[in-house]
>>> print(open('entry00.txt').read())   # compact mmCIF, N, CA and C atoms
# COMPACT_ATOMS: atom_id res chain seq x y z
N MET A 1 78.97 117.61 79.80
CA MET A 1 80.03 116.70 79.44
C MET A 1 80.04 115.55 80.45
N GLU A 2 80.11 114.35 79.95
CA GLU A 2 80.09 113.17 80.82
C GLU A 2 81.41 113.04 81.58
N LYS A 3 81.30 112.76 82.88
CA LYS A 3 82.48 112.56 83.71
C LYS A 3 82.56 111.08 84.09
N ILE A 4 83.76 110.51 83.99
CA ILE A 4 83.96 109.11 84.38
C ILE A 4 85.11 109.05 85.39
N VAL A 5 85.08 108.03 86.20
CA VAL A 5 86.11 107.84 87.22
C VAL A 5 86.87 106.56 86.92
N PHE A 6 88.19 106.68 86.84
CA PHE A 6 89.05 105.53 86.65
C PHE A 6 89.68 105.16 87.98
N LYS A 7 89.75 103.87 88.23
CA LYS A 7 90.32 103.37 89.48
C LYS A 7 91.50 102.47 89.17
N PRO A 8 92.68 103.08 88.91
CA PRO A 8 93.86 102.26 88.63
C PRO A 8 94.20 101.37 89.83
N ASP A 9 94.68 100.18 89.56
CA ASP A 9 95.02 99.23 90.62
C ASP A 9 95.98 99.86 91.62
N GLY A 10 95.58 99.89 92.87
CA GLY A 10 96.44 100.36 93.94
C GLY A 10 96.66 101.86 93.98
N GLU A 11 95.93 102.62 93.18
CA GLU A 11 96.11 104.08 93.13
C GLU A 11 94.79 104.78 93.45
N GLU A 12 94.88 106.07 93.69
CA GLU A 12 93.70 106.88 93.95
C GLU A 12 92.86 106.99 92.68
N PRO A 13 91.53 107.04 92.80
CA PRO A 13 90.68 107.24 91.63
C PRO A 13 90.99 108.56 90.93
N VAL A 14 90.84 108.57 89.60
CA VAL A 14 91.12 109.74 88.79
C VAL A 14 89.87 110.04 87.95
N GLU A 15 89.45 111.32 87.94
CA GLU A 15 88.28 111.73 87.17
C GLU A 15 88.70 112.30 85.83
N PHE A 16 87.97 111.91 84.79
CA PHE A 16 88.18 112.45 83.45
C PHE A 16 86.83 112.84 82.85
N TYR A 17 86.88 113.76 81.91
CA TYR A 17 85.70 114.18 81.17
C TYR A 17 85.82 113.61 79.75
N VAL A 18 84.76 112.98 79.27
CA VAL A 18 84.77 112.38 77.94
C VAL A 18 84.43 113.44 76.91
N LEU A 19 85.36 113.66 75.98
CA LEU A 19 85.16 114.62 74.91
C LEU A 19 84.47 113.98 73.70
N GLU A 20 84.87 112.74 73.39
CA GLU A 20 84.34 112.06 72.21
C GLU A 20 84.65 110.58 72.30
N GLN A 21 83.93 109.79 71.52
CA GLN A 21 84.22 108.36 71.43
C GLN A 21 84.02 107.92 70.00
N THR A 22 84.73 106.86 69.61
CA THR A 22 84.61 106.33 68.26
C THR A 22 84.98 104.85 68.27
N THR A 23 84.58 104.17 67.20
CA THR A 23 84.94 102.77 67.00
C THR A 23 85.70 102.67 65.69
N ILE A 24 86.86 102.04 65.74
CA ILE A 24 87.70 101.87 64.56
C ILE A 24 88.11 100.40 64.48
N GLY A 25 87.76 99.75 63.40
CA GLY A 25 88.13 98.35 63.21
C GLY A 25 87.64 97.46 64.33
N GLY A 26 86.49 97.76 64.89
CA GLY A 26 85.92 96.96 65.96
C GLY A 26 86.42 97.33 67.35
N ALA A 27 87.42 98.19 67.44
CA ALA A 27 87.95 98.63 68.74
C ALA A 27 87.33 99.97 69.11
N GLN A 28 86.95 100.12 70.38
CA GLN A 28 86.35 101.36 70.85
C GLN A 28 87.42 102.22 71.53
N TYR A 29 87.36 103.53 71.24
CA TYR A 29 88.29 104.50 71.80
C TYR A 29 87.50 105.65 72.39
N ILE A 30 88.05 106.24 73.45
CA ILE A 30 87.48 107.46 74.00
C ILE A 30 88.59 108.50 74.15
N LEU A 31 88.21 109.74 73.91
CA LEU A 31 89.10 110.88 74.11
C LEU A 31 88.66 111.54 75.40
N VAL A 32 89.56 111.62 76.37
CA VAL A 32 89.23 112.19 77.67
C VAL A 32 90.18 113.33 78.01
N THR A 33 89.73 114.19 78.92
CA THR A 33 90.56 115.28 79.41
C THR A 33 90.37 115.38 80.93
N ASP A 34 91.35 115.99 81.58
CA ASP A 34 91.27 116.14 83.04
C ASP A 34 90.64 117.46 83.45
N SER A 35 90.25 118.29 82.47
CA SER A 35 89.68 119.60 82.77
C SER A 35 88.36 119.77 82.01
N GLU A 36 87.33 120.19 82.74
CA GLU A 36 86.03 120.37 82.09
C GLU A 36 86.04 121.55 81.13
N GLU A 37 86.82 122.57 81.43
CA GLU A 37 86.92 123.75 80.58
C GLU A 37 88.37 124.15 80.41
N GLY A 38 88.66 124.80 79.29
CA GLY A 38 90.01 125.30 79.06
C GLY A 38 90.97 124.21 78.65
N ASP A 39 92.25 124.57 78.71
CA ASP A 39 93.30 123.63 78.32
C ASP A 39 93.53 122.62 79.42
N GLY A 40 93.60 121.38 79.05
CA GLY A 40 93.87 120.31 79.99
C GLY A 40 94.63 119.21 79.29
N GLU A 41 95.06 118.25 80.05
CA GLU A 41 95.72 117.08 79.49
C GLU A 41 94.68 116.20 78.82
N ALA A 42 94.96 115.75 77.62
CA ALA A 42 94.06 114.85 76.90
C ALA A 42 94.73 113.50 76.70
N LEU A 43 93.93 112.46 76.80
CA LEU A 43 94.41 111.10 76.58
C LEU A 43 93.45 110.37 75.66
N ILE A 44 93.98 109.47 74.87
CA ILE A 44 93.15 108.57 74.09
C ILE A 44 93.25 107.21 74.74
N LEU A 45 92.10 106.67 75.11
CA LEU A 45 92.04 105.38 75.80
C LEU A 45 91.34 104.36 74.92
N LYS A 46 91.84 103.14 74.97
CA LYS A 46 91.27 102.03 74.20
C LYS A 46 90.55 101.10 75.16
N ASP A 47 89.35 100.72 74.79
CA ASP A 47 88.52 99.84 75.61
C ASP A 47 88.93 98.39 75.37
N LEU A 48 89.44 97.73 76.40
CA LEU A 48 89.83 96.32 76.33
C LEU A 48 88.85 95.43 77.09
N SER A 49 87.70 95.98 77.44
CA SER A 49 86.71 95.24 78.23
C SER A 49 86.24 93.99 77.50
N LYS A 50 86.00 92.98 78.29
CA LYS A 50 85.40 91.75 77.78
C LYS A 50 83.95 91.73 78.26
N GLU A 51 83.14 90.95 77.59
CA GLU A 51 81.72 90.91 77.91
C GLU A 51 81.47 90.54 79.37
N GLU A 52 82.32 89.70 79.94
CA GLU A 52 82.12 89.25 81.32
C GLU A 52 82.64 90.24 82.37
N ASP A 53 83.35 91.29 81.95
CA ASP A 53 83.86 92.29 82.89
C ASP A 53 82.72 93.12 83.48
N GLU A 54 82.75 93.30 84.79
CA GLU A 54 81.73 94.10 85.46
C GLU A 54 81.92 95.59 85.17
N GLU A 55 83.16 96.02 85.06
CA GLU A 55 83.48 97.41 84.79
C GLU A 55 84.34 97.49 83.54
N GLY A 56 84.36 98.67 82.92
CA GLY A 56 85.17 98.87 81.73
C GLY A 56 86.66 98.76 82.04
N VAL A 57 87.40 98.26 81.07
CA VAL A 57 88.85 98.14 81.19
C VAL A 57 89.46 98.97 80.06
N TYR A 58 90.19 100.01 80.41
CA TYR A 58 90.78 100.91 79.43
C TYR A 58 92.28 101.01 79.62
N VAL A 59 92.99 101.20 78.52
CA VAL A 59 94.43 101.44 78.55
C VAL A 59 94.72 102.68 77.73
N ILE A 60 95.77 103.39 78.09
CA ILE A 60 96.21 104.54 77.32
C ILE A 60 96.84 104.04 76.04
N VAL A 61 96.43 104.61 74.91
CA VAL A 61 97.02 104.23 73.63
C VAL A 61 98.44 104.79 73.58
N SER A 62 99.43 103.90 73.46
CA SER A 62 100.82 104.34 73.48
C SER A 62 101.56 104.01 72.19
N ASP A 63 101.02 103.11 71.37
CA ASP A 63 101.64 102.79 70.09
C ASP A 63 101.52 104.02 69.18
N ASP A 64 102.65 104.53 68.71
CA ASP A 64 102.66 105.79 67.94
C ASP A 64 101.79 105.73 66.70
N LYS A 65 101.83 104.64 65.97
CA LYS A 65 101.05 104.52 64.74
C LYS A 65 99.55 104.52 65.05
N GLU A 66 99.15 103.74 66.04
CA GLU A 66 97.75 103.68 66.45
C GLU A 66 97.31 105.04 67.01
N LEU A 67 98.14 105.65 67.83
CA LEU A 67 97.82 106.94 68.43
C LEU A 67 97.62 108.01 67.36
N ASP A 68 98.52 108.07 66.38
CA ASP A 68 98.40 109.05 65.31
C ASP A 68 97.11 108.87 64.51
N ALA A 69 96.76 107.62 64.21
CA ALA A 69 95.56 107.34 63.42
C ALA A 69 94.30 107.73 64.18
N VAL A 70 94.22 107.36 65.45
CA VAL A 70 93.03 107.67 66.24
C VAL A 70 92.95 109.17 66.53
N ALA A 71 94.09 109.80 66.80
CA ALA A 71 94.12 111.25 67.05
C ALA A 71 93.63 112.01 65.83
N GLU A 72 94.00 111.55 64.64
CA GLU A 72 93.54 112.20 63.41
C GLU A 72 92.02 112.14 63.29
N ILE A 73 91.45 111.00 63.62
CA ILE A 73 89.99 110.85 63.56
C ILE A 73 89.32 111.76 64.58
N PHE A 74 89.82 111.77 65.81
CA PHE A 74 89.24 112.65 66.82
C PHE A 74 89.41 114.12 66.43
N SER A 75 90.53 114.46 65.86
CA SER A 75 90.77 115.83 65.44
C SER A 75 89.76 116.26 64.38
N ASN A 76 89.42 115.37 63.46
CA ASN A 76 88.42 115.67 62.44
C ASN A 76 87.02 115.79 63.04
N MET A 77 86.77 115.01 64.08
CA MET A 77 85.46 115.04 64.73
C MET A 77 85.27 116.32 65.54
N LEU A 78 86.34 116.81 66.11
CA LEU A 78 86.30 117.98 66.99
C LEU A 78 87.20 119.07 66.43
N ASP A 79 86.67 119.88 65.55
CA ASP A 79 87.48 120.90 64.89
C ASP A 79 88.14 121.89 65.85
N ASP A 80 87.53 122.11 67.02
CA ASP A 80 88.05 123.10 67.96
C ASP A 80 89.04 122.52 68.97
N VAL A 81 89.43 121.27 68.81
CA VAL A 81 90.35 120.63 69.74
C VAL A 81 91.67 120.36 69.04
N ASP A 82 92.76 120.81 69.64
CA ASP A 82 94.10 120.58 69.10
C ASP A 82 94.73 119.43 69.85
N LEU A 83 94.98 118.32 69.16
CA LEU A 83 95.52 117.12 69.82
C LEU A 83 97.02 116.98 69.67
N VAL A 84 97.69 118.02 69.29
CA VAL A 84 99.14 117.94 69.10
C VAL A 84 99.86 118.22 70.37
>>> encode(input="entry00.txt", output="structure tokens")
Amino acid sequence: MEKIVFKPDGEEPVEFYVLEQTTIGGAQYILVTDSEEGDGEALILKDLSKEEDEEGVYVIVSDDKELDAVAEIFSNMLDDVDLV
């Protein structure tokens, strides 16, 4: 499982494991978890990176409608993962 490190502005780096990624309507999303095995916190992140950015820029999807739609797609992709 791929591990990525996020470096929030002014905060300690945080490691996540990428479970899956998808593109919807031209926007890229990744499903990440804080635990390599077992139950962990899962987040859906949206890639806001621009071509000129040296590093990826991601935000947590917080809009309920967008979150529900993307979670449904990830849920279909990963039958063994419960995103509720």
>>> select_by_dssp(input="entry00.txt", residues="region 11-82 of chain A", states="helix (DSSP H, G or I)", output="VMD selection string")
chain A and resid 64 to 77
>>> residues_around(input="entry00.txt", residues="region 25-39 of chain A", least_positions_apart="2", cutoff="9 Å", atoms="only C-alpha atoms", output="list in words")
Met1, Lys3, Val14, Glu15, Phe16, Tyr17, Val18, Leu19, Glu20, Gln21, Thr22, Thr23, Glu41, Ala42, Leu43, Ile44, Leu45, Lys46, Asp47, Leu48, Tyr58, Val61, Val70, Ala71 and Phe74 of chain A
>>> atom_distance(input="entry00.txt", atom1="CA of Glu52 (chain A)", atom2="CA of Glu11 (chain A)")
23.6 Å
>>> atom_distance(input="entry00.txt", atom1="atom N of Asp9 (chain A)", atom2="atom N of Ser62 (chain A)")
17.2 Å
>>> atom_distance(input="entry00.txt", atom1="atom C of Lys65 (chain A)", atom2="atom N of Val5 (chain A)")
25.9 Å
>>> closest_residue(input="entry00.txt", among="A:Glu2, A:Pro8, A:Ile24, A:Pro13", to="Leu67 (chain A)", atoms="only C-alpha atoms")
A:Ile24
